[in-house]
>>> print(open('entry-v6.txt').read())   # compact mmCIF, C-alpha atoms
# COMPACT_ATOMS: atom_id res chain seq x y z
CA MET A 27 -51.12 -18.97 46.58
CA ILE A 28 -48.61 -20.26 44.01
CA SER A 29 -46.00 -20.77 46.74
CA LEU A 30 -48.54 -22.70 48.82
CA LEU A 31 -49.59 -24.89 45.89
CA ALA A 32 -45.93 -25.49 45.00
CA ARG A 33 -45.31 -26.92 48.47
CA PHE A 34 -48.08 -29.48 47.91
CA PHE A 35 -47.54 -30.39 44.25
CA ILE A 36 -43.79 -29.83 43.69
CA PRO A 37 -41.70 -31.93 46.13
CA GLU A 38 -38.43 -30.14 45.30
CA HIS A 39 -39.94 -26.65 44.98
CA GLN A 40 -36.89 -25.08 46.65
CA HIS A 41 -34.66 -26.15 43.75
CA PRO A 42 -36.07 -24.39 40.64
CA GLU A 43 -32.72 -24.74 38.87
CA LYS A 44 -33.48 -28.44 38.32
CA PRO A 45 -35.13 -29.00 34.90
CA HIS A 46 -38.00 -31.18 36.19
CA VAL A 47 -38.78 -28.70 39.02
CA ARG A 48 -38.69 -25.81 36.57
CA ARG A 49 -41.10 -27.66 34.29
CA ALA A 50 -43.43 -28.40 37.21
CA TYR A 51 -43.53 -24.69 38.15
CA GLY A 52 -44.34 -23.79 34.56
CA ILE A 53 -47.19 -26.29 34.39
CA LEU A 54 -48.60 -25.15 37.74
CA CYS A 55 -48.59 -21.47 36.73
CA SER A 56 -50.12 -22.27 33.34
CA VAL A 57 -52.99 -24.26 34.88
CA MET A 58 -53.55 -21.45 37.38
CA GLY A 59 -53.61 -18.93 34.55
CA ILE A 60 -56.12 -20.93 32.53
CA ALA A 61 -58.49 -21.27 35.49
CA LEU A 62 -58.34 -17.60 36.55
CA ASN A 63 -58.71 -16.25 33.00
CA ILE A 64 -61.74 -18.44 32.25
CA LEU A 65 -63.40 -17.20 35.44
CA LEU A 66 -62.60 -13.59 34.52
CA PHE A 67 -63.93 -14.10 30.99
CA ALA A 68 -67.22 -15.49 32.30
CA GLY A 69 -67.67 -12.66 34.80
CA LYS A 70 -66.81 -9.87 32.35
CA TYR A 71 -68.90 -11.34 29.55
CA ILE A 72 -71.93 -11.35 31.83
CA ALA A 73 -71.15 -7.78 32.92
CA GLY A 74 -70.69 -6.68 29.30
CA TRP A 75 -73.98 -8.29 28.28
CA LEU A 76 -75.89 -6.70 31.16
CA SER A 77 -74.42 -3.23 30.56
CA SER A 78 -74.24 -3.39 26.71
CA SER A 79 -70.63 -2.22 27.03
CA ILE A 80 -68.28 -3.01 24.14
CA ALA A 81 -65.31 -2.07 26.32
CA ILE A 82 -66.19 -4.72 28.93
CA THR A 83 -66.91 -7.30 26.23
CA VAL A 84 -63.59 -6.50 24.57
CA ASP A 85 -61.86 -6.95 27.91
CA ALA A 86 -63.69 -10.26 28.45
CA PHE A 87 -62.44 -11.73 25.17
CA ASN A 88 -59.00 -10.44 26.03
CA ASN A 89 -59.12 -12.70 29.11
CA LEU A 90 -60.31 -15.60 26.97
CA SER A 91 -57.27 -15.10 24.74
CA ASP A 92 -55.14 -15.07 27.89
CA ALA A 93 -56.56 -18.49 28.80
CA GLY A 94 -55.51 -19.68 25.35
CA SER A 95 -52.09 -18.15 25.90
CA SER A 96 -51.71 -20.02 29.18
CA LEU A 97 -52.70 -23.22 27.39
CA ILE A 98 -49.99 -22.60 24.79
CA THR A 99 -47.48 -21.93 27.57
CA LEU A 100 -48.54 -25.17 29.27
CA ILE A 101 -47.99 -27.12 26.05
CA GLY A 102 -44.64 -25.37 25.62
CA PHE A 103 -43.42 -26.40 29.07
CA ARG A 104 -44.58 -29.98 28.50
CA PHE A 105 -42.79 -30.36 25.18
CA ALA A 106 -39.73 -28.40 26.31
CA GLY A 107 -39.17 -31.01 29.00
CA LYS A 108 -38.85 -33.88 26.51
CA LYS A 109 -35.52 -35.63 26.60
CA PRO A 110 -33.07 -35.33 23.69
CA ASP A 111 -33.59 -37.77 20.83
CA PRO A 112 -31.68 -38.64 17.63
CA GLU A 113 -33.51 -35.91 15.67
CA HIS A 114 -32.99 -33.28 18.39
CA PRO A 115 -29.76 -34.12 20.25
CA PHE A 116 -29.78 -30.78 22.11
CA GLY A 117 -33.26 -31.34 23.52
CA HIS A 118 -36.51 -29.46 22.95
CA GLY A 119 -35.99 -26.45 25.22
CA ARG A 120 -36.48 -23.86 22.48
CA ILE A 121 -40.11 -24.91 22.21
CA GLU A 122 -40.63 -22.70 25.27
CA TYR A 123 -39.42 -19.70 23.25
CA LEU A 124 -41.75 -20.68 20.42
CA SER A 125 -44.68 -20.91 22.83
CA GLY A 126 -43.85 -17.42 24.11
CA LEU A 127 -43.84 -16.17 20.51
CA ALA A 128 -47.18 -17.88 19.87
CA VAL A 129 -48.63 -16.12 22.93
CA ALA A 130 -47.39 -12.79 21.59
CA MET A 131 -48.92 -13.36 18.15
CA LEU A 132 -52.24 -14.34 19.75
CA ILE A 133 -52.18 -11.13 21.79
CA ILE A 134 -51.59 -9.05 18.65
CA LEU A 135 -54.36 -10.82 16.73
CA MET A 136 -56.80 -10.25 19.58
CA GLY A 137 -55.76 -6.58 19.80
CA VAL A 138 -56.47 -6.03 16.09
CA GLU A 139 -59.93 -7.63 16.30
CA LEU A 140 -60.86 -5.70 19.43
CA PHE A 141 -59.67 -2.44 17.87
CA LYS A 142 -62.03 -3.06 14.94
CA SER A 143 -64.95 -3.79 17.27
CA SER A 144 -64.29 -0.64 19.29
CA LEU A 145 -64.07 1.47 16.14
CA ASP A 146 -67.46 0.12 15.07
CA LYS A 147 -68.90 1.14 18.48
CA ILE A 148 -67.54 4.67 17.98
CA LEU A 149 -69.06 4.93 14.51
CA HIS A 150 -72.34 3.36 15.62
CA PRO A 151 -72.77 4.24 19.32
CA SER A 152 -75.38 2.54 21.50
CA PRO A 153 -76.47 3.24 25.10
CA THR A 154 -74.34 1.78 27.90
CA GLU A 155 -75.79 0.99 31.32
CA THR A 156 -73.72 1.05 34.51
CA GLY A 157 -74.39 -0.88 37.67
CA PRO A 158 -72.70 -2.07 40.87
CA LEU A 159 -72.29 -5.65 39.57
CA ALA A 160 -70.25 -4.57 36.54
CA ILE A 161 -68.07 -2.26 38.64
CA ALA A 162 -67.49 -4.98 41.26
CA ILE A 163 -66.49 -7.51 38.58
CA LEU A 164 -64.00 -5.05 37.06
CA LEU A 165 -62.45 -4.26 40.46
CA VAL A 166 -62.00 -7.96 41.21
CA SER A 167 -60.51 -8.47 37.75
CA ILE A 168 -57.91 -5.74 38.30
CA ALA A 169 -56.88 -7.31 41.61
CA VAL A 170 -56.61 -10.80 40.08
CA LYS A 171 -54.57 -9.56 37.11
CA LEU A 172 -52.16 -7.67 39.36
CA TYR A 173 -51.67 -10.84 41.37
CA MET A 174 -51.04 -12.82 38.15
CA PHE A 175 -48.51 -10.20 37.06
CA TYR A 176 -46.73 -10.50 40.40
CA PHE A 177 -46.36 -14.28 40.50
CA ASN A 178 -45.59 -14.67 36.78
CA ARG A 179 -42.90 -11.98 36.90
CA ARG A 180 -41.34 -13.37 40.09
CA LEU A 181 -41.25 -16.94 38.83
CA GLY A 182 -40.31 -15.87 35.30
CA ARG A 183 -37.17 -14.23 36.66
CA LYS A 184 -36.52 -17.08 39.06
CA LEU A 185 -36.82 -19.71 36.31
CA ASN A 186 -35.41 -17.54 33.50
CA SER A 187 -38.56 -18.22 31.48
CA SER A 188 -39.35 -15.93 28.54
CA ALA A 189 -42.84 -17.46 28.25
CA MET A 190 -43.69 -16.61 31.86
CA GLN A 191 -42.19 -13.14 31.51
CA ALA A 192 -44.42 -12.65 28.46
CA THR A 193 -47.45 -13.75 30.48
CA ALA A 194 -46.49 -11.32 33.26
CA THR A 195 -46.29 -8.42 30.80
CA ASP A 196 -49.66 -9.38 29.38
CA SER A 197 -51.22 -9.55 32.87
CA LEU A 198 -50.02 -6.03 33.71
CA SER A 199 -51.40 -4.65 30.45
CA ASP A 200 -54.68 -6.44 31.19
CA ALA A 201 -54.91 -4.78 34.62
CA THR A 202 -54.29 -1.40 33.01
CA ALA A 203 -56.84 -2.12 30.28
CA THR A 204 -59.50 -3.13 32.80
CA ALA A 205 -58.82 0.06 34.77
CA VAL A 206 -59.48 2.02 31.58
CA VAL A 207 -62.75 0.12 31.08
CA LEU A 208 -63.76 0.94 34.66
CA LEU A 209 -62.95 4.58 33.98
CA SER A 210 -65.22 4.52 30.92
CA LEU A 211 -68.12 3.30 33.05
CA LEU A 212 -67.54 6.05 35.59
CA ILE A 213 -67.34 8.70 32.83
CA THR A 214 -70.56 7.41 31.30
CA TYR A 215 -72.26 7.39 34.70
CA LEU A 216 -71.11 10.88 35.73
CA THR A 217 -71.50 12.62 32.35
CA ASP A 218 -73.62 12.37 29.24
CA TRP A 219 -70.63 11.35 27.08
CA ASN A 220 -70.56 7.70 26.01
CA ALA A 221 -66.84 6.87 26.27
CA ASP A 222 -67.37 3.14 25.82
CA GLY A 223 -66.06 2.81 22.25
CA TRP A 224 -63.13 5.14 22.82
CA CYS A 225 -62.03 3.28 25.96
CA GLY A 226 -62.45 -0.02 24.13
CA MET A 227 -60.10 1.28 21.44
CA LEU A 228 -57.61 2.39 24.12
CA VAL A 229 -57.75 -1.11 25.64
CA ALA A 230 -57.08 -2.60 22.21
CA LEU A 231 -54.03 -0.34 21.81
CA PHE A 232 -52.73 -1.50 25.20
CA ILE A 233 -53.12 -5.08 24.04
CA LEU A 234 -51.31 -4.41 20.76
CA TYR A 235 -48.44 -2.69 22.54
CA ALA A 236 -48.10 -5.62 24.96
CA GLY A 237 -48.10 -8.07 22.06
CA ILE A 238 -45.43 -6.23 20.09
CA THR A 239 -43.24 -5.86 23.19
CA THR A 240 -43.57 -9.56 23.90
CA VAL A 241 -42.62 -10.47 20.32
CA LYS A 242 -39.37 -8.54 20.71
CA GLU A 243 -38.59 -10.24 24.02
CA THR A 244 -39.30 -13.79 22.82
CA ILE A 245 -37.78 -13.65 19.35
CA SER A 246 -34.36 -12.50 20.56
CA PRO A 247 -33.30 -15.85 22.11
CA LEU A 248 -34.54 -17.63 18.99
CA LEU A 249 -32.31 -15.50 16.79
CA GLY A 250 -29.37 -15.89 19.18
CA GLN A 251 -28.42 -13.29 21.77
CA PRO A 252 -25.35 -12.72 23.95
CA PRO A 253 -25.30 -14.61 27.26
CA ASP A 254 -26.22 -12.86 30.47
CA PRO A 255 -23.30 -11.03 32.13
CA GLU A 256 -23.85 -13.22 35.19
CA VAL A 257 -23.15 -16.33 33.09
CA ILE A 258 -19.95 -14.80 31.69
CA GLN A 259 -18.83 -13.85 35.20
CA GLN A 260 -19.48 -17.37 36.50
CA VAL A 261 -17.53 -18.92 33.63
CA GLU A 262 -14.58 -16.61 34.25
CA GLN A 263 -14.58 -17.24 38.00
CA ILE A 264 -14.70 -21.02 37.62
CA VAL A 265 -12.11 -21.35 34.84
CA LEU A 266 -9.65 -18.76 36.17
CA SER A 267 -9.81 -20.22 39.68
CA HIS A 268 -7.26 -22.73 38.36
CA PRO A 269 -3.81 -21.08 38.50
CA GLU A 270 -2.62 -23.08 35.49
CA ILE A 271 -5.16 -21.27 33.26
CA ILE A 272 -3.77 -17.79 32.64
CA GLY A 273 -6.63 -16.30 30.63
CA ILE A 274 -9.64 -17.11 28.47
CA HIS A 275 -10.94 -15.95 25.12
CA ASP A 276 -13.27 -17.01 22.28
CA LEU A 277 -16.07 -17.65 24.77
CA VAL A 278 -19.24 -18.81 22.99
CA VAL A 279 -22.51 -19.73 24.73
CA HIS A 280 -25.16 -21.56 22.72
CA ASP A 281 -28.66 -21.43 24.20
CA TYR A 282 -30.90 -24.41 23.39
CA GLY A 283 -33.53 -23.40 25.92
CA PRO A 284 -33.48 -22.54 29.62
CA GLY A 285 -31.10 -24.86 31.44
CA ARG A 286 -29.65 -26.21 28.16
CA LEU A 287 -26.41 -24.36 27.49
CA MET A 288 -23.45 -25.40 25.36
CA ILE A 289 -20.29 -23.46 26.29
CA SER A 290 -16.99 -23.40 24.44
CA LEU A 291 -13.91 -21.30 25.13
CA HIS A 292 -10.15 -21.19 24.77
CA GLY A 293 -8.05 -21.44 27.93
CA GLU A 294 -4.54 -19.98 27.83
CA VAL A 295 -1.81 -22.05 29.50
CA ALA A 296 1.98 -21.82 29.67
CA ASN A 297 3.63 -23.43 26.65
CA ASP A 298 6.36 -24.95 28.84
CA GLY A 299 4.00 -26.59 31.35
CA ASP A 300 3.43 -30.29 31.97
CA ILE A 301 0.97 -31.32 29.25
CA ASN A 302 -0.63 -34.05 31.36
CA LEU A 303 -1.13 -31.73 34.33
CA LEU A 304 -2.59 -29.03 32.08
CA HIS A 305 -4.93 -31.52 30.43
CA ASP A 306 -6.21 -32.67 33.84
CA THR A 307 -6.75 -29.04 34.83
CA ILE A 308 -8.79 -28.35 31.69
CA ASP A 309 -10.90 -31.46 32.34
CA GLN A 310 -11.53 -30.36 35.92
CA ALA A 311 -12.59 -26.87 34.80
CA GLU A 312 -15.03 -28.40 32.30
CA THR A 313 -16.53 -30.60 35.01
CA GLU A 314 -16.98 -27.63 37.36
CA LEU A 315 -18.68 -25.61 34.62
CA ASN A 316 -21.05 -28.47 33.82
CA GLU A 317 -22.06 -28.86 37.46
CA ALA A 318 -22.39 -25.15 38.26
CA LEU A 319 -24.26 -24.05 35.13
CA ASN A 320 -26.04 -27.29 34.19
CA CYS A 321 -24.36 -27.14 30.79
CA GLU A 322 -22.07 -29.00 28.42
CA SER A 323 -18.69 -27.30 28.08
CA VAL A 324 -15.62 -27.70 25.91
CA ILE A 325 -12.34 -25.88 26.65
CA HIS A 326 -9.67 -25.67 23.97
CA MET A 327 -6.17 -25.46 25.42
CA ASP A 328 -4.09 -22.59 23.97
CA PRO A 329 -0.35 -22.67 24.85
CA ILE A 330 1.22 -19.21 25.05
CA ALA A 331 4.67 -17.90 25.88
CA VAL A 332 5.04 -16.64 29.45
CA ASP A 333 7.91 -14.81 31.14
CA ASP A 334 9.27 -13.79 27.72
CA ALA A 335 10.09 -10.09 28.00
CA ALA A 336 10.65 -9.59 24.26
CA VAL A 337 7.29 -11.13 23.31
CA GLU A 338 5.44 -9.17 26.00
CA ALA A 339 7.06 -5.90 24.91
CA MET A 340 6.16 -6.51 21.27
CA ARG A 341 2.62 -7.51 22.21
CA ALA A 342 2.17 -4.28 24.20
CA LYS A 343 3.31 -2.23 21.19
CA VAL A 344 0.88 -4.00 18.88
CA VAL A 345 -2.01 -3.50 21.32
CA SER A 346 -1.17 0.20 21.64
CA LEU A 347 -1.17 0.59 17.85
CA ILE A 348 -4.35 -1.35 17.18
CA GLN A 349 -6.37 0.47 19.81
CA THR A 350 -5.83 3.72 17.92
CA LEU A 351 -8.30 2.24 15.44
CA ASP A 352 -10.84 1.28 18.14
CA ALA A 353 -10.31 1.09 21.89
CA GLY A 354 -12.61 -1.96 21.98
CA ILE A 355 -10.23 -4.16 19.94
CA SER A 356 -8.33 -6.80 21.91
CA ILE A 357 -5.83 -9.45 20.81
CA HIS A 358 -4.91 -12.96 21.92
CA ASP A 359 -2.81 -15.95 20.81
CA PHE A 360 0.09 -13.57 20.17
CA ARG A 361 3.19 -15.26 18.75
CA MET A 362 6.42 -13.93 17.25
CA THR A 363 8.82 -15.67 14.86
CA ASP A 364 12.21 -14.38 13.60
CA SER A 365 14.06 -15.30 10.41
CA GLN A 366 16.98 -13.39 8.82
CA ALA A 367 16.19 -9.95 10.20
CA HIS A 368 12.51 -10.38 9.43
CA ARG A 369 9.92 -10.77 12.16
CA LYS A 370 6.44 -12.25 11.76
CA LEU A 371 3.73 -11.25 14.24
CA ILE A 372 0.86 -13.72 14.47
CA PHE A 373 -2.25 -13.01 16.52
CA ASP A 374 -6.06 -13.00 16.67
CA ALA A 375 -7.90 -9.69 17.00
CA VAL A 376 -11.36 -9.43 18.54
CA VAL A 377 -13.14 -6.60 16.69
CA PRO A 378 -16.42 -5.07 17.98
CA HIS A 379 -19.48 -5.40 15.75
CA ARG A 380 -19.71 -1.61 15.59
CA PHE A 381 -16.39 -1.32 13.69
CA PRO A 382 -16.97 0.67 10.44
CA GLY A 383 -16.65 -1.45 7.34
CA GLY A 384 -16.88 -4.78 9.12
CA ALA A 385 -14.36 -7.58 9.59
CA ASP A 386 -12.68 -7.27 6.17
CA THR A 387 -11.95 -3.58 6.65
CA ALA A 388 -10.65 -4.22 10.17
CA HIS A 389 -8.37 -6.98 8.88
CA GLN A 390 -6.84 -4.74 6.21
CA GLN A 391 -6.42 -1.74 8.52
CA ILE A 392 -4.79 -3.75 11.32
CA ILE A 393 -2.25 -5.36 9.00
CA ALA A 394 -1.45 -2.04 7.32
CA LEU A 395 -1.11 -0.26 10.67
CA VAL A 396 1.22 -2.87 12.17
CA GLU A 397 3.43 -3.28 9.10
CA SER A 398 3.78 0.45 8.51
CA ASN A 399 4.80 1.16 12.12
CA MET A 400 6.84 -1.94 13.01
CA GLU A 401 10.11 -2.09 11.08
CA ASN A 402 10.91 -5.39 9.31
CA CYS A 403 7.68 -6.92 10.58
CA SER A 404 4.80 -8.59 8.80
CA ALA A 405 1.46 -9.39 10.41
CA VAL A 406 -0.66 -12.52 10.15
CA VAL A 407 -4.02 -11.63 11.63
CA ARG A 408 -7.22 -13.59 12.20
CA ILE A 409 -10.35 -11.56 12.98
CA ASP A 410 -12.70 -12.79 15.73
CA ARG A 411 -16.09 -11.41 16.68
CA PRO A 412 -17.16 -10.99 20.36
CA TYR A 413 -19.94 -13.57 20.80
CA ALA A 414 -19.55 -13.03 24.54
CA GLN A 415 -17.24 -10.30 25.73
CA PRO A 416 -15.32 -11.33 28.89
CA ASN A 417 -15.54 -8.88 31.80
CA HIS A 418 -11.82 -8.48 32.36
>>> encode(input="entry-v6.txt", output="structure tokens")
Amino acid sequence: MISLLARFFIPEHQHPEKPHVRRAYGILCSVMGIALNILLFAGKYIAGWLSSSIAITVDAFNNLSDAGSSLITLIGFRFAGKKPDPEHPFGHGRIEYLSGLAVAMLIILMGVELFKSSLDKILHPSPTETGPLAIAILLVSIAVKLYMFYFNRRLGRKLNSSAMQATATDSLSDATATAVVLLSLLITYLTDWNADGWCGMLVALFILYAGITTVKETISPLLGQPPDPEVIQQVEQIVLSHPEIIGIHDLVVHDYGPGRLMISLHGEVANDGDINLLHDTIDQAETELNEALNCESVIHMDPIAVDDAAVEAMRAKVVSLIQTLDAGISIHDFRMTDSQAHRKLIFDAVVPHRFPGGADTAHQQIIALVESNMENCSAVVRIDRPYAQPNH
């Protein structure tokens, strides 16, 4: 249904990578979610009232909260699409992450309230009536929620939307919760045990789990997380496709919302190359990155010595020594200077976050290791952290 509606309401529906198309998909799915959840709420509330079932009533208000969640997601997509302004030069894309977090908090709040209501039903049980209407409504609800899970998950992955992924997770938990409610009706019908309150509590626990999981998924991009390996691979392929660029390091990807990336990196070039040619190459690589990844990129040009056997031999020795501390350490910007039988080794070392003692300890140990094993050598070392670890 979503695909059919997209063909009518989204002219460029086959190009979800475009920001305005992505926003249109988000709005369409949010409106669809609001409509379906309001219908489910109305149906379940009537069924809960007719059967005096707290579990069905709990599930009904869960759907009402889902309608509110879809409304928040809709607002998030609308505001996330605003153009950059003087106060927010990187745009408003992170509002989508905030809307996903708001959805998660609403889910948790609803789960707490429904848990309390179910506990009250356990402590003060009341008769529950079963009937074909209530069962039919629950079966339809399960089917609708599974469909919502399917299209939200598919489009969430397609659009790289944390808010839609959160909605998909919530829809799956809702389908499971409704199945539990249906089970409670069957148990009550087939036995003398009133499982209504207990199943309502189980539904509330499902809701709480979904909310906590969603919080973890939506808060990570707000705090700042490593870029996807696919993004790193694309950057490497594009930049290193230029023969003049020998290697890359210090790759940093700033995420200001889906489709709003800022990329910076250092590109290694031969120190004896034509500076104008190299500059043109760097500019071309930046342009290709911007077009391929819909980003803003900056490449710093790092000149390094090539075809220098002595430097390469010394660099290999230093790498071999340093990796005795941690095999994950790499070095770059390696330079060597000689003066009156004394040699200075200058380089940057990329140290994994897991290194015991942190950056200061790594700095001290690397210098001590090099100077104690390399005769007449001193080391000048700068410690880098791997914000995005290249694949090669």
>>> atom_distance(input="entry-v6.txt", atom1="CA of Asp359 in chain A", atom2="CA of Glu322 in chain A")
24.5 Å
>>> residues_around(input="entry-v6.txt", residues="Lys142 in chain A", least_positions_apart="6", cutoff="10 Å", atoms="all atoms listed in the file", output="PyMOL selection string")
chain A and resi 148+226-227+230
>>> residues_near_point(input="entry-v6.txt", point="(-74.8, 5.1, 38.0)", cutoff="12 Å", atoms="only C-alpha atoms", output="MDAnalysis selection string")
chainID A and resid 77 154:161 210:218
>>> residues_near_point(input="entry-v6.txt", point="(5.4, -1.6, 11.6)", cutoff="12 Å", atoms="all atoms listed in the file", output="MDAnalysis selection string")
chainID A and resid 340 343:344 347:348 368:371 392:405
>>> closest_residue(input="entry-v6.txt", among="A:Gln349, A:Leu315, A:Asn297, A:Ala414", to="Arg361 in chain A", atoms="all atoms listed in the file")
A:Asn297
>>> closest_residue(input="entry-v6.txt", among="A:Ile233, A:Val129, A:Val166, A:Ala388", to="Asp85 in chain A", atoms="only C-alpha atoms")
A:Ile233
>>> atom_distance(input="entry-v6.txt", atom1="CA of Ser144 in chain A", atom2="CA of Val170 in chain A")
24.4 Å
>>> atom_distance(input="entry-v6.txt", atom1="CA of Cys225 in chain A", atom2="CA of Thr195 in chain A")
20.2 Å
>>> closest_residue(input="entry-v6.txt", among="A:Ile121, A:Ser78, A:Leu54, A:Ala336", to="Ser96 in chain A", atoms="only C-alpha atoms")
A:Leu54
>>> residues_around(input="entry-v6.txt", residues="range 271-282 of chain A", least_positions_apart="3", cutoff="7 Å", atoms="all atoms listed in the file", output="list in words")
Phe116, Gly119, Arg120, Pro253, Leu266, His268, Arg286, Leu287, Met288, Ile289, Ser290, Leu291, His292, Gly293, Glu294, Val295, Tyr413 and Ala414 of chain A
